[in-house]
$ cat structure37.pdb   # PDB, C-alpha atoms and all ligand atoms
MODEL        1
ATOM      1  CA  MET A   1     216.711  -1.710  66.102
ATOM      2  CA  ASN A   2     217.193  -5.181  64.631
ATOM      3  CA  TRP A   3     215.724  -5.821  61.231
ATOM      4  CA  PRO A   4     214.816  -9.411  60.483
ATOM      5  CA  SER A   5     216.839 -10.604  57.506
ATOM      6  CA  ASP A   6     214.923 -11.204  54.347
ATOM      7  CA  SER A   7     214.831 -14.646  52.852
ATOM      8  CA  SER A   8     214.106 -13.851  49.255
ATOM      9  CA  ALA A   9     213.513 -16.754  46.912
ATOM     10  CA  THR A  10     216.476 -15.833  44.755
ATOM     11  CA  GLY A  11     218.821 -15.462  47.685
ATOM     12  CA  THR A  12     220.271 -12.343  46.083
ATOM     13  CA  ILE A  13     220.741  -8.905  47.508
ATOM     14  CA  ALA A  14     217.049  -8.059  47.449
ATOM     15  CA  THR A  15     215.889  -7.245  50.957
ATOM     16  CA  ALA A  16     212.337  -6.426  51.866
ATOM     17  CA  LYS A  17     212.500  -3.647  54.407
ATOM     18  CA  GLN A  18     210.263  -4.101  57.391
ATOM     19  CA  TYR A  19     207.396  -1.667  57.699
ATOM     20  CA  VAL A  20     207.912   0.839  60.520
ATOM     21  CA  GLY A  21     205.100   3.181  61.459
ATOM     22  CA  ARG A  22     204.725   5.615  64.304
ATOM     23  CA  PHE A  23     202.283   7.687  66.306
ATOM     24  CA  ALA A  24     203.780  11.010  67.335
ATOM     25  CA  PRO A  25     201.562  13.089  69.625
ATOM     26  CA  SER A  26     202.617  16.416  71.129
ATOM     27  CA  PRO A  27     202.129  16.522  74.910
ATOM     28  CA  THR A  28     199.942  19.616  74.807
ATOM     29  CA  GLY A  29     197.045  17.836  76.522
ATOM     30  CA  PRO A  30     195.447  14.410  76.987
ATOM     31  CA  LEU A  31     194.465  12.335  73.937
ATOM     32  CA  HIS A  32     191.134  13.458  72.493
ATOM     33  CA  PHE A  33     188.996  11.589  69.992
ATOM     34  CA  GLY A  34     190.814  13.102  66.984
ATOM     35  CA  SER A  35     194.192  11.971  68.269
ATOM     36  CA  LEU A  36     192.752   8.543  69.119
ATOM     37  CA  VAL A  37     191.718   8.165  65.474
ATOM     38  CA  ALA A  38     195.263   9.127  64.426
ATOM     39  CA  ALA A  39     196.707   6.494  66.728
ATOM     40  CA  VAL A  40     194.271   3.833  65.474
ATOM     41  CA  ALA A  41     194.980   4.582  61.789
ATOM     42  CA  SER A  42     198.755   4.392  62.139
ATOM     43  CA  TYR A  43     198.510   1.323  64.375
ATOM     44  CA  LEU A  44     196.271  -0.648  62.020
ATOM     45  CA  GLN A  45     198.349   0.288  58.986
ATOM     46  CA  ALA A  46     201.478  -1.029  60.764
ATOM     47  CA  ARG A  47     199.946  -4.139  62.322
ATOM     48  CA  ALA A  48     198.112  -5.167  59.154
ATOM     49  CA  ARG A  49     201.540  -5.176  57.465
ATOM     50  CA  GLU A  50     203.137  -7.065  60.348
ATOM     51  CA  GLY A  51     205.276  -4.006  60.877
ATOM     52  CA  LEU A  52     206.609  -2.209  63.891
ATOM     53  CA  TRP A  53     204.633   0.589  65.515
ATOM     54  CA  LEU A  54     206.469   3.198  67.562
ATOM     55  CA  VAL A  55     205.140   5.807  69.959
ATOM     56  CA  ARG A  56     207.079   9.064  69.947
ATOM     57  CA  ILE A  57     206.123  11.905  72.268
ATOM     58  CA  GLU A  58     207.072  15.124  70.479
ATOM     59  CA  ASP A  59     208.186  17.073  73.535
ATOM     60  CA  ILE A  60     210.345  19.674  71.822
ATOM     61  CA  ASP A  61     208.204  22.735  72.490
ATOM     62  CA  PRO A  62     208.096  23.127  76.297
ATOM     63  CA  PRO A  63     206.208  26.460  76.231
ATOM     64  CA  ARG A  64     203.249  24.711  74.557
ATOM     65  CA  GLU A  65     203.328  21.588  76.703
ATOM     66  CA  GLN A  66     200.989  20.707  79.539
ATOM     67  CA  PRO A  67     202.617  19.186  82.630
ATOM     68  CA  GLY A  68     201.648  15.526  82.958
ATOM     69  CA  ALA A  69     200.269  15.251  79.414
ATOM     70  CA  SER A  70     202.890  12.691  78.315
ATOM     71  CA  GLU A  71     201.871  10.365  81.140
ATOM     72  CA  LEU A  72     198.171  10.869  80.359
ATOM     73  CA  ILE A  73     198.775   9.994  76.703
ATOM     74  CA  VAL A  74     200.705   6.823  77.526
ATOM     75  CA  THR A  75     198.088   5.776  80.101
ATOM     76  CA  ALA A  76     195.300   6.265  77.557
ATOM     77  CA  LEU A  77     197.155   4.270  74.883
ATOM     78  CA  GLU A  78     197.590   1.415  77.361
ATOM     79  CA  ALA A  79     193.912   1.524  78.362
ATOM     80  CA  TYR A  80     192.885   1.328  74.699
ATOM     81  CA  GLY A  81     195.003  -1.785  74.187
ATOM     82  CA  PHE A  82     197.707  -0.357  71.929
ATOM     83  CA  GLU A  83     200.936  -2.347  72.004
ATOM     84  CA  TRP A  84     203.986  -0.434  70.808
ATOM     85  CA  ASP A  85     207.397  -1.768  69.906
ATOM     86  CA  GLY A  86     210.244  -0.715  72.159
ATOM     87  CA  PRO A  87     210.026   1.943  74.835
ATOM     88  CA  VAL A  88     208.097   5.171  74.369
ATOM     89  CA  ILE A  89     210.438   7.563  72.557
ATOM     90  CA  TYR A  90     210.791  11.137  73.811
ATOM     91  CA  GLN A  91     211.793  13.438  70.983
ATOM     92  CA  GLY A  92     213.576  15.833  73.314
ATOM     93  CA  GLN A  93     216.216  13.135  73.849
ATOM     94  CA  SER A  94     217.354  13.330  70.233
ATOM     95  CA  ARG A  95     218.336  17.004  70.490
ATOM     96  CA  PRO A  96     222.029  16.096  69.845
ATOM     97  CA  GLN A  97     221.000  14.492  66.534
ATOM     98  CA  HIS A  98     218.793  17.485  65.697
ATOM     99  CA  ASP A  99     221.752  19.794  66.348
ATOM    100  CA  ALA A 100     224.070  17.627  64.241
ATOM    101  CA  ALA A 101     221.654  17.759  61.290
ATOM    102  CA  LEU A 102     221.324  21.516  61.730
ATOM    103  CA  GLN A 103     225.110  21.917  61.713
ATOM    104  CA  THR A 104     225.422  19.768  58.589
ATOM    105  CA  LEU A 105     222.982  22.045  56.785
ATOM    106  CA  ILE A 106     224.786  25.187  57.994
ATOM    107  CA  ASP A 107     228.205  23.802  57.056
ATOM    108  CA  GLN A 108     226.964  23.045  53.539
ATOM    109  CA  GLY A 109     225.621  26.568  53.133
ATOM    110  CA  LEU A 110     222.052  25.253  52.981
ATOM    111  CA  ALA A 111     220.906  27.027  56.133
ATOM    112  CA  TYR A 112     221.764  30.434  57.519
ATOM    113  CA  PRO A 113     220.897  32.784  60.387
ATOM    114  CA  CYS A 114     217.924  35.108  60.139
ATOM    115  CA  GLY A 115     217.450  37.945  62.589
ATOM    116  CA  CYS A 116     214.005  38.990  61.400
ATOM    117  CA  SER A 117     211.527  39.359  64.219
ATOM    118  CA  ARG A 118     207.835  38.605  63.948
ATOM    119  CA  LYS A 119     207.338  42.366  63.690
ATOM    120  CA  ASP A 120     209.842  42.646  60.826
ATOM    121  CA  LEU A 121     207.787  40.097  58.888
ATOM    122  CA  ALA A 122     204.371  41.445  59.854
ATOM    123  CA  ASP A 123     203.684  43.075  56.490
ATOM    124  CA  VAL A 124     205.101  40.255  54.372
ATOM    125  CA  PRO A 125     202.634  38.385  52.124
ATOM    126  CA  ARG A 126     201.245  35.143  53.517
ATOM    127  CA  GLY A 127     200.701  31.951  51.559
ATOM    128  CA  PRO A 128     198.977  28.703  52.506
ATOM    129  CA  LEU A 129     202.104  27.668  54.421
ATOM    130  CA  GLY A 130     202.335  30.915  56.397
ATOM    131  CA  THR A 131     204.575  33.911  55.863
ATOM    132  CA  ILE A 132     206.416  33.806  52.542
ATOM    133  CA  TYR A 133     209.901  34.763  53.638
ATOM    134  CA  PRO A 134     211.184  37.666  51.538
ATOM    135  CA  GLY A 135     214.849  36.691  51.936
ATOM    136  CA  THR A 136     215.801  39.709  54.052
ATOM    137  CA  CYS A 137     218.838  38.039  55.665
ATOM    138  CA  ARG A 138     220.164  36.111  52.680
ATOM    139  CA  ALA A 139     223.085  38.498  52.372
ATOM    140  CA  GLY A 140     223.992  38.225  56.043
ATOM    141  CA  CYS A 141     222.640  39.211  59.401
ATOM    142  CA  ASP A 142     224.301  40.567  62.525
ATOM    143  CA  ALA A 143     221.314  40.436  64.852
ATOM    144  CA  PRO A 144     222.125  39.145  68.343
ATOM    145  CA  GLU A 145     219.264  36.624  68.305
ATOM    146  CA  THR A 146     218.673  34.612  65.187
ATOM    147  CA  ALA A 147     216.586  31.793  63.874
ATOM    148  CA  ILE A 148     218.082  29.397  61.327
ATOM    149  CA  ARG A 149     216.324  29.191  57.974
ATOM    150  CA  LEU A 150     216.685  26.518  55.301
ATOM    151  CA  ARG A 151     217.230  27.512  51.696
ATOM    152  CA  THR A 152     214.595  26.513  49.174
ATOM    153  CA  THR A 153     214.509  26.502  45.391
ATOM    154  CA  ASP A 154     211.793  27.020  42.811
ATOM    155  CA  GLU A 155     211.680  23.368  41.762
ATOM    156  CA  LEU A 156     208.333  21.631  42.046
ATOM    157  CA  ILE A 157     208.377  18.843  44.611
ATOM    158  CA  THR A 158     205.752  16.121  44.339
ATOM    159  CA  PHE A 159     204.857  13.157  46.488
ATOM    160  CA  ASP A 160     202.184  10.556  45.948
ATOM    161  CA  ASP A 161     199.959  10.369  49.012
ATOM    162  CA  ALA A 162     198.444   6.939  49.588
ATOM    163  CA  LEU A 163     194.971   8.419  50.173
ATOM    164  CA  GLN A 164     195.053  11.941  48.723
ATOM    165  CA  GLY A 165     196.976  11.243  45.491
ATOM    166  CA  PRO A 166     199.787  13.337  43.997
ATOM    167  CA  GLN A 167     200.619  16.560  45.891
ATOM    168  CA  THR A 168     202.933  19.271  44.568
ATOM    169  CA  GLN A 169     204.422  22.396  46.107
ATOM    170  CA  CYS A 170     206.977  24.987  45.083
ATOM    171  CA  LEU A 171     208.692  25.958  48.329
ATOM    172  CA  GLU A 172     210.378  29.089  46.985
ATOM    173  CA  SER A 173     207.049  30.715  46.161
ATOM    174  CA  GLU A 174     204.861  29.011  48.796
ATOM    175  CA  SER A 175     206.995  29.328  51.943
ATOM    176  CA  GLY A 176     210.375  30.763  50.973
ATOM    177  CA  TYR A 177     213.339  29.904  53.209
ATOM    178  CA  PHE A 178     211.739  28.337  56.262
ATOM    179  CA  VAL A 179     212.722  28.141  59.922
ATOM    180  CA  ILE A 180     214.423  24.969  61.156
ATOM    181  CA  ARG A 181     215.680  26.394  64.455
ATOM    182  CA  ARG A 182     213.650  29.043  66.179
ATOM    183  CA  ARG A 183     214.881  32.329  67.589
ATOM    184  CA  ASP A 184     214.317  30.968  71.092
ATOM    185  CA  GLY A 185     216.784  28.152  70.311
ATOM    186  CA  LEU A 186     214.200  25.378  70.009
ATOM    187  CA  ILE A 187     214.386  23.037  67.026
ATOM    188  CA  ALA A 188     211.482  23.594  64.648
ATOM    189  CA  TYR A 189     208.964  20.816  64.136
ATOM    190  CA  GLN A 190     209.931  20.299  60.469
ATOM    191  CA  LEU A 191     213.546  19.431  61.248
ATOM    192  CA  ALA A 192     212.876  17.404  64.398
ATOM    193  CA  VAL A 193     210.296  15.167  62.770
ATOM    194  CA  VAL A 194     212.516  14.450  59.770
ATOM    195  CA  VAL A 195     215.573  13.601  61.876
ATOM    196  CA  ASP A 196     213.557  11.386  64.214
ATOM    197  CA  ASP A 197     211.743   9.510  61.464
ATOM    198  CA  ALA A 198     215.127   8.776  59.871
ATOM    199  CA  LEU A 199     216.711   7.720  63.194
ATOM    200  CA  GLU A 200     213.864   5.313  63.829
ATOM    201  CA  GLY A 201     213.741   3.949  60.283
ATOM    202  CA  VAL A 202     210.107   4.972  59.748
ATOM    203  CA  THR A 203     208.981   3.679  56.343
ATOM    204  CA  GLU A 204     205.516   5.235  56.188
ATOM    205  CA  VAL A 205     204.114   8.321  57.883
ATOM    206  CA  VAL A 206     200.387   7.943  58.614
ATOM    207  CA  ARG A 207     198.837  11.120  60.010
ATOM    208  CA  GLY A 208     196.000  13.599  59.633
ATOM    209  CA  ILE A 209     195.513  15.646  56.498
ATOM    210  CA  ASP A 210     195.892  18.816  58.587
ATOM    211  CA  ILE A 211     199.654  18.178  58.560
ATOM    212  CA  MET A 212     199.870  17.342  54.849
ATOM    213  CA  ASP A 213     201.051  20.864  54.007
ATOM    214  CA  SER A 214     204.258  20.184  55.938
ATOM    215  CA  THR A 215     205.180  17.127  53.911
ATOM    216  CA  VAL A 216     207.006  18.829  51.041
ATOM    217  CA  ARG A 217     209.159  20.830  53.476
ATOM    218  CA  GLN A 218     209.976  17.551  55.201
ATOM    219  CA  ILE A 219     210.811  15.839  51.911
ATOM    220  CA  TRP A 220     213.071  18.784  51.026
ATOM    221  CA  LEU A 221     214.898  18.310  54.329
ATOM    222  CA  GLN A 222     215.187  14.556  53.721
ATOM    223  CA  ARG A 223     216.779  15.209  50.341
ATOM    224  CA  LEU A 224     219.261  17.748  51.669
ATOM    225  CA  LEU A 225     220.215  15.478  54.569
ATOM    226  CA  GLY A 226     220.473  12.386  52.348
ATOM    227  CA  TYR A 227     217.715  10.498  54.130
ATOM    228  CA  GLU A 228     215.390   7.989  52.537
ATOM    229  CA  GLU A 229     211.919   9.320  51.830
ATOM    230  CA  PRO A 230     209.159   7.427  53.650
ATOM    231  CA  GLY A 231     205.740   6.827  52.160
ATOM    232  CA  TYR A 232     202.925   9.157  53.202
ATOM    233  CA  MET A 233     199.283   8.539  54.045
ATOM    234  CA  HIS A 234     197.163  11.485  55.181
ATOM    235  CA  PHE A 235     193.756  10.464  56.465
ATOM    236  CA  PRO A 236     190.783  12.831  56.853
ATOM    237  CA  VAL A 237     190.657  15.201  59.770
ATOM    238  CA  ILE A 238     187.982  14.588  62.419
ATOM    239  CA  THR A 239     185.721  17.606  62.821
ATOM    240  CA  HIS A 240     182.937  18.977  64.940
ATOM    241  CA  PRO A 241     179.567  19.148  63.139
ATOM    242  CA  ASP A 242     180.386  22.786  62.219
ATOM    243  CA  GLY A 243     183.541  21.689  60.397
ATOM    244  CA  ASP A 244     186.138  22.821  62.941
ATOM    245  CA  LYS A 245     188.914  20.341  63.586
ATOM    246  CA  LEU A 246     188.661  18.453  66.870
ATOM    247  CA  SER A 247     191.395  19.760  69.119
ATOM    248  CA  LYS A 248     192.052  20.901  72.618
ATOM    249  CA  LEU A 249     191.446  24.457  71.393
ATOM    250  CA  THR A 250     188.004  23.583  70.051
ATOM    251  CA  GLY A 251     187.031  21.940  73.315
ATOM    252  CA  ALA A 252     187.616  18.244  72.600
ATOM    253  CA  PRO A 253     187.912  16.553  76.014
ATOM    254  CA  GLY A 254     190.377  13.808  76.942
ATOM    255  CA  ILE A 255     189.081  10.325  76.047
ATOM    256  CA  PRO A 256     187.683   8.266  78.942
ATOM    257  CA  ILE A 257     190.043   5.481  79.976
ATOM    258  CA  ASP A 258     187.778   3.413  82.207
ATOM    259  CA  GLU A 259     185.622   2.118  79.330
ATOM    260  CA  PRO A 260     187.556   2.344  76.075
ATOM    261  CA  ARG A 261     185.419   0.093  73.855
ATOM    262  CA  PRO A 262     182.719   2.539  72.665
ATOM    263  CA  LEU A 263     185.250   5.132  71.519
ATOM    264  CA  LEU A 264     187.519   2.518  69.982
ATOM    265  CA  LEU A 265     184.578   1.282  67.898
ATOM    266  CA  ALA A 266     183.674   4.880  67.034
ATOM    267  CA  ALA A 267     187.286   5.489  65.920
ATOM    268  CA  LEU A 268     187.019   2.482  63.598
ATOM    269  CA  LYS A 269     183.788   3.882  62.177
ATOM    270  CA  ALA A 270     185.428   7.291  61.727
ATOM    271  CA  LEU A 271     188.051   5.479  59.643
ATOM    272  CA  ARG A 272     185.175   3.981  57.622
ATOM    273  CA  GLN A 273     185.769   0.446  58.847
ATOM    274  CA  GLU A 274     182.598  -1.508  59.466
ATOM    275  CA  PRO A 275     182.871  -3.347  62.771
ATOM    276  CA  PRO A 276     179.997  -5.823  63.187
ATOM    277  CA  ALA A 277     177.456  -5.126  65.957
ATOM    278  CA  SER A 278     178.657  -8.258  67.759
ATOM    279  CA  LEU A 279     181.889  -6.435  68.632
ATOM    280  CA  GLU A 280     179.993  -4.113  70.953
ATOM    281  CA  ALA A 281     180.060  -6.885  73.548
ATOM    282  CA  ALA A 282     183.580  -8.032  72.681
ATOM    283  CA  SER A 283     186.796  -7.469  74.596
ATOM    284  CA  ILE A 284     189.365  -4.862  73.571
ATOM    285  CA  GLY A 285     191.610  -7.677  72.349
ATOM    286  CA  GLU A 286     188.830  -9.092  70.163
ATOM    287  CA  ILE A 287     188.062  -5.650  68.726
ATOM    288  CA  TRP A 288     191.724  -5.162  67.798
ATOM    289  CA  GLN A 289     191.957  -8.613  66.288
ATOM    290  CA  TRP A 290     188.959  -7.903  64.070
ATOM    291  CA  ALA A 291     190.284  -4.442  63.174
ATOM    292  CA  ILE A 292     193.748  -5.676  62.197
ATOM    293  CA  ASN A 293     192.373  -8.594  60.165
ATOM    294  CA  ASN A 294     189.890  -6.400  58.317
ATOM    295  CA  TRP A 295     191.821  -3.127  57.989
ATOM    296  CA  SER A 296     191.487  -1.355  54.686
ATOM    297  CA  PRO A 297     192.241   2.346  54.247
ATOM    298  CA  ASN A 298     190.608   2.334  50.795
ATOM    299  CA  PRO A 299     187.237   3.787  51.889
ATOM    300  CA  LEU A 300     189.194   6.891  52.960
ATOM    301  CA  ILE A 301     190.653   7.592  49.514
ATOM    302  CA  GLY A 302     190.139  11.265  48.667
ATOM    303  CA  MET A 303     188.295  12.023  51.923
ATOM    304  CA  LYS A 304     189.333  15.293  53.577
ATOM    305  CA  ALA A 305     187.142  15.361  56.692
ATOM    306  CA  VAL A 306     184.917  13.146  58.828
ATOM    307  CA  SER A 307     182.349  14.884  61.007
ATOM    308  CA  ILE A 308     181.629  13.396  64.406
ATOM    309  CA  ALA A 309     177.960  13.946  63.517
ATOM    310  CA  THR A 310     178.289  10.836  61.285
ATOM    311  CA  LEU A 311     179.364   8.680  64.236
ATOM    312  CA  PRO A 312     177.214   6.810  66.736
ATOM    313  CA  GLY A 313     176.975   8.069  70.314
ATOM    314  CA  ASN A 314     178.833  11.012  71.757
ATOM    315  CA  VAL A 315     182.552  10.859  71.119
ATOM    316  CA  LEU A 316     183.134  13.992  73.157
ATOM    317  CA  THR A 317     182.280  12.432  76.506
ATOM    318  CA  ASP A 318     184.721  13.274  79.235
ATOM    319  CA  ASP A 319     185.728  10.892  81.964
ATOM    320  CA  PRO A 320     182.506  10.093  83.836
ATOM    321  CA  PRO A 321     182.471  11.249  87.471
ATOM    322  CA  MET A 322     183.723   8.795  90.072
ATOM    323  CA  PRO A 323     180.861   6.762  91.623
TER     324      PRO A 323
HETATM  325 ZN    ZN B 401     215.612  37.343  58.139
ENDMDL
END
$ encode --input "structure37.pdb" --output "structure tokens"
Amino acid sequence: MNWPSDSSATGTIATAKQYVGRFAPSPTGPLHFGSLVAAVASYLQARAREGLWLVRIEDIDPPREQPGASELIVTALEAYGFEWDGPVIYQGQSRPQHDAALQTLIDQGLAYPCGCSRKDLADVPRGPLGTIYPGTCRAGCDAPETAIRLRTTDELITFDDALQGPQTQCLESESGYFVIRRRDGLIAYQLAVVVDDALEGVTEVVRGIDIMDSTVRQIWLQRLLGYEEPGYMHFPVITHPDGDKLSKLTGAPGIPIDEPRPLLLAALKALRQEPPASLEAASIGEIWQWAINNWSPNPLIGMKAVSIATLPGNVLTDDPPMP
């Protein structure tokens, strides 16, 4: 990727790094309204800063993937008028870099094999981040099939979220050594996302608050791998009126692609932007132009959830039947 050179007034070594944002869906199904909002938030944050916006399909967990979902996601993004920089990135293609980072951590004694099965850990206490690993294999493990776990320490790690404020975790007591390569050989989400964000030069991660709990583990990985730490912005999760997160599992349908404007406007309202009524008759291009010019994430500060009950119309409409 070519970074434009900075022309600072002093002409010294100061260089303003270009903003790079990304949208990183998993191909487990078509885009639903919640994932549309995620795409819109990261897109506006990047475009309002004249930054780059990348689309990265996180296809590193084939057992969870739905055939054809990647194509459906890209088709929907096109229909909604998103314009990404460079080709769509497929995370599975950076497996060599994931493996290299894994090996670096192993070589430095920061990661080690763990032969514990799910059953072995069944009675272990659980924290907010899942099972708190009791350190069974720290002294060595001769199991035939192993995961790779990353060492943690009891230091408090804090980051300052752009919307949710300072967030602190102690990994040793909240997750313990965590998995970075699974027993089935697949690279764990935490490692893949960190390596890819670094490869692509992502400067700010804009995503839903439901993933915020992963951030400290990702920052820990960035530190151990010597990567720069991006900024973080976690926007509220979109929920059903009963409070459940919109997802494929809770029955959120794929967004309609034949008439994108109503849901695009609803996504802006979910992000507490206030598109004027006149935009209802505007083109997709005009809606985006207004949204980029007027984008402000500030109304979302401290917000944890947005219910679709607060939005106009029905954002859970499926593709209408063919005439
Ligand atoms: Zn173990």
$ resolve_selection --input "structure37.pdb" --expression "the PyMOL selection byres (((chain A and resi 220) around 12) and not hetatm)" --output "PDB file with C-alpha atoms, in the coordinates of the input"
ATOM      1  CA  LEU A 105     222.982  22.045  56.785  1.00  0.00           C
ATOM      2  CA  LEU A 110     222.052  25.253  52.981  1.00  0.00           C
ATOM      3  CA  LEU A 150     216.685  26.518  55.301  1.00  0.00           C
ATOM      4  CA  ARG A 151     217.230  27.512  51.696  1.00  0.00           C
ATOM      5  CA  THR A 152     214.595  26.513  49.174  1.00  0.00           C
ATOM      6  CA  THR A 153     214.509  26.502  45.391  1.00  0.00           C
ATOM      7  CA  ASP A 154     211.793  27.020  42.811  1.00  0.00           C
ATOM      8  CA  GLU A 155     211.680  23.368  41.762  1.00  0.00           C
ATOM      9  CA  LEU A 156     208.333  21.631  42.046  1.00  0.00           C
ATOM     10  CA  ILE A 157     208.377  18.843  44.611  1.00  0.00           C
ATOM     11  CA  THR A 158     205.752  16.121  44.339  1.00  0.00           C
ATOM     12  CA  PHE A 159     204.857  13.157  46.488  1.00  0.00           C
ATOM     13  CA  GLN A 169     204.422  22.396  46.107  1.00  0.00           C
ATOM     14  CA  CYS A 170     206.977  24.987  45.083  1.00  0.00           C
ATOM     15  CA  LEU A 171     208.692  25.958  48.329  1.00  0.00           C
ATOM     16  CA  GLU A 172     210.378  29.089  46.985  1.00  0.00           C
ATOM     17  CA  TYR A 177     213.339  29.904  53.209  1.00  0.00           C
ATOM     18  CA  PHE A 178     211.739  28.337  56.262  1.00  0.00           C
ATOM     19  CA  ILE A 180     214.423  24.969  61.156  1.00  0.00           C
ATOM     20  CA  GLN A 190     209.931  20.299  60.469  1.00  0.00           C
ATOM     21  CA  LEU A 191     213.546  19.431  61.248  1.00  0.00           C
ATOM     22  CA  VAL A 194     212.516  14.450  59.770  1.00  0.00           C
ATOM     23  CA  SER A 214     204.258  20.184  55.938  1.00  0.00           C
ATOM     24  CA  THR A 215     205.180  17.127  53.911  1.00  0.00           C
ATOM     25  CA  VAL A 216     207.006  18.829  51.041  1.00  0.00           C
ATOM     26  CA  ARG A 217     209.159  20.830  53.476  1.00  0.00           C
ATOM     27  CA  GLN A 218     209.976  17.551  55.201  1.00  0.00           C
ATOM     28  CA  ILE A 219     210.811  15.839  51.911  1.00  0.00           C
ATOM     29  CA  LEU A 221     214.898  18.310  54.329  1.00  0.00           C
ATOM     30  CA  GLN A 222     215.187  14.556  53.721  1.00  0.00           C
ATOM     31  CA  ARG A 223     216.779  15.209  50.341  1.00  0.00           C
ATOM     32  CA  LEU A 224     219.261  17.748  51.669  1.00  0.00           C
ATOM     33  CA  LEU A 225     220.215  15.478  54.569  1.00  0.00           C
ATOM     34  CA  GLY A 226     220.473  12.386  52.348  1.00  0.00           C
ATOM     35  CA  TYR A 227     217.715  10.498  54.130  1.00  0.00           C
ATOM     36  CA  GLU A 228     215.390   7.989  52.537  1.00  0.00           C
ATOM     37  CA  GLU A 229     211.919   9.320  51.830  1.00  0.00           C
TER      38      GLU A 229
END
$ atom_distance --input "structure37.pdb" --atom1 "atom CA of A:Gln273" --atom2 "atom CA of A:Pro230"
25.0 Å
$ resolve_selection --input "structure37.pdb" --expression "the PyMOL selection byres (((chain A and resi 46) around 12) and not hetatm)" --output "PyMOL selection string"
chain A and resi 18-23+39-45+47-54+82-85+202-206+233+291-293+295-297
$ resolve_selection --input "structure37.pdb" --expression "the PyMOL selection byres (((chain A and resi 317) around 10) and not hetatm)" --output "MDAnalysis selection string"
chainID A and resid 32:33 252:256 263 313:316 318:320
$ write_last_selection --input "structure37.pdb" --atoms "C-alpha atoms" --output "PDB file, in the frame of the given file"
ATOM      1  CA  HIS A  32     191.134  13.458  72.493  1.00  0.00           C
ATOM      2  CA  PHE A  33     188.996  11.589  69.992  1.00  0.00           C
ATOM      3  CA  ALA A 252     187.616  18.244  72.600  1.00  0.00           C
ATOM      4  CA  PRO A 253     187.912  16.553  76.014  1.00  0.00           C
ATOM      5  CA  GLY A 254     190.377  13.808  76.942  1.00  0.00           C
ATOM      6  CA  ILE A 255     189.081  10.325  76.047  1.00  0.00           C
ATOM      7  CA  PRO A 256     187.683   8.266  78.942  1.00  0.00           C
ATOM      8  CA  LEU A 263     185.250   5.132  71.519  1.00  0.00           C
ATOM      9  CA  GLY A 313     176.975   8.069  70.314  1.00  0.00           C
ATOM     10  CA  ASN A 314     178.833  11.012  71.757  1.00  0.00           C
ATOM     11  CA  VAL A 315     182.552  10.859  71.119  1.00  0.00           C
ATOM     12  CA  LEU A 316     183.134  13.992  73.157  1.00  0.00           C
ATOM     13  CA  ASP A 318     184.721  13.274  79.235  1.00  0.00           C
ATOM     14  CA  ASP A 319     185.728  10.892  81.964  1.00  0.00           C
ATOM     15  CA  PRO A 320     182.506  10.093  83.836  1.00  0.00           C
TER      16      PRO A 320
END
$ residues_near_ligand --input "structure37.pdb" --ligand "ligand ZN 401 (chain B)" --cutoff "7 Å" --atoms "all atoms listed in the file" --output "JSON, numbers by chain"
{"A": [114, 115, 116, 135, 136, 137]}
$ residues_around --input "structure37.pdb" --residues "A:Arg183" --least-positions-apart "4" --cutoff "8 Å" --atoms "all atoms listed in the file" --output "PyMOL selection string"
chain A and resi 115+145-148
$ atom_distance --input "structure37.pdb" --atom1 "atom CA of A:Ser247" --atom2 "atom CA of A:Gly34"
7.0 Å
$ closest_residue --input "structure37.pdb" --among "A:Leu72, A:Ile257, A:Ala162, A:Glu274" --to "A:Ile301" --atoms "all atoms listed in the file"
A:Ala162
$ closest_residue --input "structure37.pdb" --among "A:Leu129, A:Ile73, A:Leu311, A:Leu264" --to "A:Ser173" --atoms "only C-alpha atoms"
A:Leu129
$ closest_residue --input "structure37.pdb" --among "A:Pro67, A:Gly243, A:Pro260, A:Pro125" --to "A:Ala79" --atoms "only C-alpha atoms"
A:Pro260
